[in-house]
Amino acid sequence: MKLTAHAKLKCLFTSIVIFTVLIQGLPLLAGNPLVPDVGMADPHIYIFNNKAYLYATRDADPTAKSFVMPDWNIWSSNDLVNWELETTIYPTQTYMGKSTNCWATDIAERNGQYYFYFSNGNVNTGVMKAPSPLGPFVDALNKPLLPEDLTPGKEYDPTLLIDEDNKAYIVFGHYRSTDKDLNYYIAQLGTDMVSLAEEPKEISIIGDMDVLGGNDKPNLHKRNGIYYLSAGTHYATSTNIYGPYTRRGNSGNDIYGLNSRAHGNYFKWNNQWFHTWCHFHLGKDVGRYRESYITYLHYRENGEMLDDVDFLEKHFSTGVGQYDASWDKIEAEWYMAATDIRKKEKLDGGFEIQKIKNSSSLFFPKIKNLEAVTTVSFRVSSLTGGTIEVRSDDAKGQILATANVPKTGEFNAYQTIESKIKTSKGIKDIYLTFKGKGDDILHLDWFRFGNEPVWSENFENINPGDAWYGNPALKVTADGGVGNSRCLRVEYDVRTNPSGTTVKQFSQAVTPAREYTLQYDIYYESNWVSTMGGKFHGLTPKTHVTGCKQVEPHKWSARITLVNRTPSLYLYDQNKNSKCGRQIRQSSLTMEKEHWYSVCLYVKVNSSASNSDGIAEIYVNGKLESRMENVQFHAEDGEHTLIQNFLFSTFLGGGRDGAIESYQYIHYDNFAVVPGKSIRETPDNSCL
């Protein structure tokens, strides 16, 4: 039976009701959304007694064209991953009585008492009181704290801040720059937290930046002496809590609802900042129904806020606080706890960890798939040198790896260092601890886990002048490689072959596996002028197909082509629809001459003959340049159809250059075939 869209939403609504009943008191392992299919909206996360508490409203009906919000929920978590529904607060516990207008809330703690501020729709605001973050909450006034006629504006959507001088403030309202009657207001609370110590004052928002044009859902937090007034991800700042506030920008970029409607809050825990918010993920035209998300938050030196959208784009569904050893890299700023460090912006953009001292530490919990790795690499810079230790379970736990960090000359001169690592099965909590002298031992950009190559060649043990595999066009040079090391210099004779050069091709067997990464470094000499479509190295099964030959069920190949020095995938797979290979052109990169580039070809063949779930990707200097998914490499099962060979294959063809009077040369260095996905971001100088 085929369900209509309305019927599907009705089924979703029914499942939500059942699910909500079942989850009370049960921990839920989530990512993004924080808890799926419960209508979690307007999330505010606060840390009390080193535990996270999430106070949220609930959208009850995914088909509703207006808000149906019957109660408030309190969730708790020890790690921002596992969430447990602890308490539901009903409007009948307040002066509101029976209602479906349980709008946005906030909470504050003072002297061991917890004060829950709640919106009665867009009409007024009340306050409840409890001896713990979970309640039991009772209506402190049995009437609104902020009655409807308190200001010329609106008295709902409260946000609280207790300042360093222990004074408490409440901000509320609906601001619209084009309506003088709609503003945010601020008032100091009495010491009892359930009365106003002053008349509310209108908040002035100034500046011509195109943010904070108008919305409700204000949020207020403070960092380093700066007050941040936000609506969704739009924010303004001031050094005075009363303002005026100057428009600063948008902490997000509109993906996953990171815009002015992203009601939530910014909070700090264990020396890390986070942002949580909600989003109409079904579309407001479908229903007033939201779910809530979380990401890491970073601050520039000038105080600007940045949601980690790079993390969201790569690992949105994973959420914060859990990791996968198979990721291309784990950014150092994605930690969940830290001691004695500074998170700062790099000179080349992005963030890293600085001001690392002896015994500083970073905590990365819940890393899975560690049993498959044998190495750990770090991208670092250092003036003095130092040591990074990878420890299990605790900052003083078992040492799994030790990496010695060399002097790199300057803090903007990075090196990637590697160490072997002891791992075991299961999900592990990992600490990075540091040793060295001074208060800025090293800067850590990222780290990643990997495997030792099953085959590699850096030409250091081959005599200069020797022909590789006996081919006179493949000569080893003494100092033409990365860092003036030895390398392979390949000659392309386009003088006598203007429409294509001789194919130089041979295979190197590797252990059969479903996925591998081929790594190598490439360098075009200064006189390179050819624009023909060169075919370059790749991965194949036991018996491969190239050369415009017919694909067979057990034959395929995945290579790279560099037309005019721009990388593209070149596949012979079961779905190719051309005489020769299938070219996937997606990159805008043109490799410069006389520059070394790190090239990685990642291939994962389809899981069975009938499936089209294979993947091929090209990375250059760590950046994804071309990707093809849903690939059916083989249509026959068996070990012989897995990756079994590194295919050295290079020639120029597929076009005509015209008259070229000189040989063309490319240098290759540091070939490696690595199990799984292992992306090298810079040319490998580890042999130096």
# chains A, B, ... in the order shown; residues from 1 in each chain; ligands from 1
>>> select_by_dssp(residues="region 402-623 of chain A", states="strand (DSSP E)", output="ChimeraX atom specification")
/A:402-405,415-420,428-435,443-450,455-457,474-477,487-492,504-513,515-524,533-540,557-563,566-572,582-584,596-604,614-620,623
>>> residues_around(residues="Phe364 (chain A)", least_positions_apart="3", cutoff="6 Å", atoms="only C-alpha atoms", output="JSON, numbers by chain")
{"A": [335, 336, 430]}
>>> atom_distance(atom1="CA of Asn111 (chain A)", atom2="CA of Tyr169 (chain A)")
15.8 Å
>>> closest_residue(among="A:Arg261, A:Lys549, A:Arg489, A:His537", to="Asp42 (chain A)", atoms="only C-alpha atoms")
A:Arg261
>>> select_by_dssp(residues="region 15-149 of chain A", states="helix (DSSP H, G or I)", output="list in words")
Ser15, Ile16, Val17, Ile18, Phe19, Thr20, Val21, Leu22, Ile23, Pro91, Thr92 and Gln93 of chain A
>>> write_last_selection(atoms="N, CA and C atoms", output="mmCIF file, in the first residue's frame")
data_model
loop_
_atom_site.group_PDB
_atom_site.id
_atom_site.type_symbol
_atom_site.label_atom_id
_atom_site.label_comp_id
_atom_site.auth_asym_id
_atom_site.auth_seq_id
_atom_site.Cartn_x
_atom_site.Cartn_y
_atom_site.Cartn_z
ATOM 1 N N SER A 15 3.566 7.626 15.818
ATOM 2 C CA SER A 15 4.794 7.033 16.337
ATOM 3 C C SER A 15 5.455 7.941 17.359
ATOM 4 N N ILE A 16 5.315 9.268 17.171
ATOM 5 C CA ILE A 16 5.884 10.214 18.128
ATOM 6 C C ILE A 16 5.210 10.064 19.480
ATOM 7 N N VAL A 17 3.882 9.949 19.487
ATOM 8 C CA VAL A 17 3.149 9.809 20.740
ATOM 9 C C VAL A 17 3.601 8.548 21.468
ATOM 10 N N ILE A 18 3.669 7.426 20.736
ATOM 11 C CA ILE A 18 4.088 6.159 21.342
ATOM 12 C C ILE A 18 5.522 6.258 21.832
ATOM 13 N N PHE A 19 6.402 6.845 20.996
ATOM 14 C CA PHE A 19 7.816 6.951 21.321
ATOM 15 C C PHE A 19 8.027 7.786 22.576
ATOM 16 N N THR A 20 7.282 8.888 22.691
ATOM 17 C CA THR A 20 7.433 9.775 23.837
ATOM 18 C C THR A 20 7.074 9.053 25.125
ATOM 19 N N VAL A 21 6.058 8.212 25.086
ATOM 20 C CA VAL A 21 5.671 7.442 26.267
ATOM 21 C C VAL A 21 6.773 6.461 26.653
ATOM 22 N N LEU A 22 7.405 5.850 25.653
ATOM 23 C CA LEU A 22 8.375 4.797 25.916
ATOM 24 C C LEU A 22 9.714 5.317 26.407
ATOM 25 N N ILE A 23 10.095 6.557 26.030
ATOM 26 C CA ILE A 23 11.453 6.993 26.311
ATOM 27 C C ILE A 23 11.639 7.568 27.698
ATOM 28 N N PRO A 91 1.464 22.710 31.761
ATOM 29 C CA PRO A 91 0.937 24.056 32.043
ATOM 30 C C PRO A 91 -0.060 24.069 33.194
ATOM 31 N N THR A 92 -0.679 22.929 33.462
ATOM 32 C CA THR A 92 -1.627 22.864 34.585
ATOM 33 C C THR A 92 -0.924 23.016 35.932
ATOM 34 N N GLN A 93 0.414 22.903 35.955
ATOM 35 C CA GLN A 93 1.180 23.143 37.173
ATOM 36 C C GLN A 93 1.433 24.635 37.391
#
>>> atom_distance(atom1="CA of Ile441 (chain A)", atom2="CA of Asp328 (chain A)")
25.4 Å
>>> residues_around(residues="Arg680 (chain A)", least_positions_apart="5", cutoff="9 Å", atoms="only C-alpha atoms", output="list in words")
Asp328, Gln519, Tyr520, Ser598, Val599, Cys600, Tyr619, Val620, Asn621 and Gly622 of chain A
>>> residues_around(residues="region 180-186 of chain A", least_positions_apart="5", cutoff="6 Å", atoms="only C-alpha atoms", output="ChimeraX atom specification")
/A:152-153,170-175,200-203
>>> residues_around(residues="Ser507 (chain A)", least_positions_apart="5", cutoff="9 Å", atoms="only C-alpha atoms", output="mmCIF file with N, CA and C atoms, in the first residue's frame")
data_model
loop_
_atom_site.group_PDB
_atom_site.id
_atom_site.type_symbol
_atom_site.label_atom_id
_atom_site.label_comp_id
_atom_site.auth_asym_id
_atom_site.auth_seq_id
_atom_site.Cartn_x
_atom_site.Cartn_y
_atom_site.Cartn_z
ATOM 1 N N THR A 540 43.137 -1.606 -9.055
ATOM 2 C CA THR A 540 42.405 -2.547 -9.896
ATOM 3 C C THR A 540 42.228 -3.878 -9.177
ATOM 4 N N ASN A 645 45.572 -4.834 -6.907
ATOM 5 C CA ASN A 645 46.757 -4.311 -7.581
ATOM 6 C C ASN A 645 46.828 -2.798 -7.523
ATOM 7 N N PHE A 646 48.038 -2.300 -7.305
ATOM 8 C CA PHE A 646 48.359 -0.919 -7.637
ATOM 9 C C PHE A 646 48.764 -0.921 -9.101
ATOM 10 N N LEU A 647 48.101 -0.090 -9.890
ATOM 11 C CA LEU A 647 48.387 -0.018 -11.322
ATOM 12 C C LEU A 647 49.168 1.254 -11.609
ATOM 13 N N PHE A 648 50.470 1.089 -11.905
ATOM 14 C CA PHE A 648 51.235 2.231 -12.396
ATOM 15 C C PHE A 648 50.895 2.362 -13.879
ATOM 16 N N SER A 649 50.268 3.474 -14.209
ATOM 17 C CA SER A 649 49.774 3.646 -15.573
ATOM 18 C C SER A 649 49.841 5.116 -15.925
#
>>> residues_around(residues="Gly283 (chain A)", least_positions_apart="6", cutoff="12 Å", atoms="only C-alpha atoms", output="MDAnalysis selection string")
chainID A and resid 62:65 256:257 289:291
>>> write_last_selection(atoms="C-alpha atoms", output="PDB file, in the first residue's frame")
ATOM      1  CA  PRO A  62       4.057  17.517  12.626  1.00  0.00           C
ATOM      2  CA  THR A  63       1.025  18.394  10.509  1.00  0.00           C
ATOM      3  CA  ALA A  64      -0.026  21.489  12.486  1.00  0.00           C
ATOM      4  CA  LYS A  65      -0.105  24.812  10.636  1.00  0.00           C
ATOM      5  CA  TYR A 256      20.735  22.967   8.969  1.00  0.00           C
ATOM      6  CA  GLY A 257      18.649  25.979   9.940  1.00  0.00           C
ATOM      7  CA  TYR A 289       7.448  20.917  13.876  1.00  0.00           C
ATOM      8  CA  ARG A 290      11.108  21.146  14.841  1.00  0.00           C
ATOM      9  CA  GLU A 291      14.088  19.095  15.923  1.00  0.00           C
TER      10      GLU A 291
END
>>> atom_distance(atom1="CA of Ser292 (chain A)", atom2="CA of Glu313 (chain A)")
16.3 Å
>>> closest_residue(among="A:Leu518, A:Leu220, A:Val490, A:Leu34", to="Glu457 (chain A)", atoms="only C-alpha atoms")
A:Leu518
>>> decode(residues="region 333-358 of chain A", atoms="N, CA, C and O atoms", output="tab-separated table (two decimals), in the first residue's frame")
chain	number	residue	atom	x	y	z
A	333	GLU	N	40.32	21.16	17.54
A	333	GLU	CA	39.34	22.00	18.25
A	333	GLU	C	38.02	21.29	18.47
A	333	GLU	O	37.10	21.88	19.07
A	334	TRP	N	37.90	20.02	18.06
A	334	TRP	CA	36.68	19.26	18.30
A	334	TRP	C	36.73	18.49	19.63
A	334	TRP	O	35.97	17.54	19.83
A	335	TYR	N	37.61	18.85	20.52
A	335	TYR	CA	37.73	18.16	21.80
A	335	TYR	C	36.46	18.34	22.64
A	335	TYR	O	35.67	19.26	22.42
A	336	MET	N	36.30	17.49	23.65
A	336	MET	CA	35.17	17.60	24.57
A	336	MET	C	35.58	18.12	25.95
A	336	MET	O	34.72	18.52	26.74
A	337	ALA	N	36.87	18.09	26.24
A	337	ALA	CA	37.37	18.68	27.48
A	337	ALA	C	38.85	18.99	27.27
A	337	ALA	O	39.53	18.32	26.50
A	338	ALA	N	39.32	20.02	27.99
A	338	ALA	CA	40.71	20.43	27.82
A	338	ALA	C	41.21	21.09	29.09
A	338	ALA	O	40.44	21.70	29.84
A	339	THR	N	42.52	20.97	29.32
A	339	THR	CA	43.17	21.67	30.43
A	339	THR	C	44.39	22.40	29.90
A	339	THR	O	45.17	21.87	29.11
A	340	ASP	N	44.55	23.64	30.33
A	340	ASP	CA	45.75	24.45	30.06
A	340	ASP	C	46.07	24.59	28.57
A	340	ASP	O	47.19	24.33	28.13
A	341	ILE	N	45.07	25.01	27.80
A	341	ILE	CA	45.29	25.24	26.37
A	341	ILE	C	44.53	26.49	25.95
A	341	ILE	O	43.72	27.03	26.71
A	342	ARG	N	44.77	26.95	24.73
A	342	ARG	CA	44.00	28.02	24.12
A	342	ARG	C	43.55	27.55	22.74
A	342	ARG	O	44.36	27.03	21.96
A	343	LYS	N	42.28	27.73	22.44
A	343	LYS	CA	41.76	27.47	21.09
A	343	LYS	C	41.78	28.79	20.34
A	343	LYS	O	41.09	29.73	20.72
A	344	LYS	N	42.58	28.86	19.27
A	344	LYS	CA	42.74	30.13	18.58
A	344	LYS	C	42.72	29.92	17.07
A	344	LYS	O	42.97	28.82	16.57
A	345	GLU	N	42.44	31.00	16.38
A	345	GLU	CA	42.39	30.96	14.92
A	345	GLU	C	43.81	30.88	14.36
A	345	GLU	O	44.74	31.53	14.84
A	346	LYS	N	43.99	30.06	13.30
A	346	LYS	CA	45.28	29.93	12.63
A	346	LYS	C	45.49	31.10	11.68
A	346	LYS	O	44.55	31.76	11.24
A	347	LEU	N	46.74	31.30	11.31
A	347	LEU	CA	47.07	32.35	10.35
A	347	LEU	C	46.44	32.08	8.99
A	347	LEU	O	46.08	33.01	8.26
A	348	ASP	N	46.31	30.80	8.62
A	348	ASP	CA	45.75	30.45	7.32
A	348	ASP	C	44.27	30.10	7.38
A	348	ASP	O	43.72	29.50	6.46
A	349	GLY	N	43.61	30.48	8.48
A	349	GLY	CA	42.18	30.22	8.62
A	349	GLY	C	41.91	28.94	9.40
A	349	GLY	O	42.75	28.06	9.51
A	350	GLY	N	40.70	28.82	9.92
A	350	GLY	CA	40.38	27.68	10.76
A	350	GLY	C	40.95	27.88	12.15
A	350	GLY	O	41.53	28.92	12.48
A	351	PHE	N	40.80	26.86	12.99
A	351	PHE	CA	41.23	26.96	14.38
A	351	PHE	C	42.19	25.82	14.72
A	351	PHE	O	42.23	24.79	14.04
A	352	GLU	N	42.95	26.03	15.76
A	352	GLU	CA	43.89	25.03	16.25
A	352	GLU	C	44.05	25.21	17.75
A	352	GLU	O	43.50	26.14	18.35
A	353	ILE	N	44.84	24.32	18.36
A	353	ILE	CA	45.10	24.41	19.79
A	353	ILE	C	46.50	24.99	19.99
A	353	ILE	O	47.48	24.47	19.46
A	354	GLN	N	46.56	26.06	20.80
A	354	GLN	CA	47.81	26.75	21.08
A	354	GLN	C	48.01	26.85	22.59
A	354	GLN	O	47.22	26.36	23.38
A	355	LYS	N	49.11	27.49	22.96
A	355	LYS	CA	49.45	27.70	24.37
A	355	LYS	C	49.43	26.40	25.16
A	355	LYS	O	48.96	26.33	26.31
A	356	ILE	N	49.93	25.35	24.54
A	356	ILE	CA	50.00	24.04	25.18
A	356	ILE	C	51.19	24.02	26.12
A	356	ILE	O	52.30	24.38	25.75
A	357	LYS	N	50.97	23.57	27.33
A	357	LYS	CA	52.00	23.52	28.35
A	357	LYS	C	52.30	22.07	28.72
A	357	LYS	O	51.59	21.14	28.30
A	358	ASN	N	53.33	21.90	29.53
A	358	ASN	CA	53.64	20.57	30.04
A	358	ASN	C	52.46	20.05	30.85
A	358	ASN	O	51.96	20.74	31.74
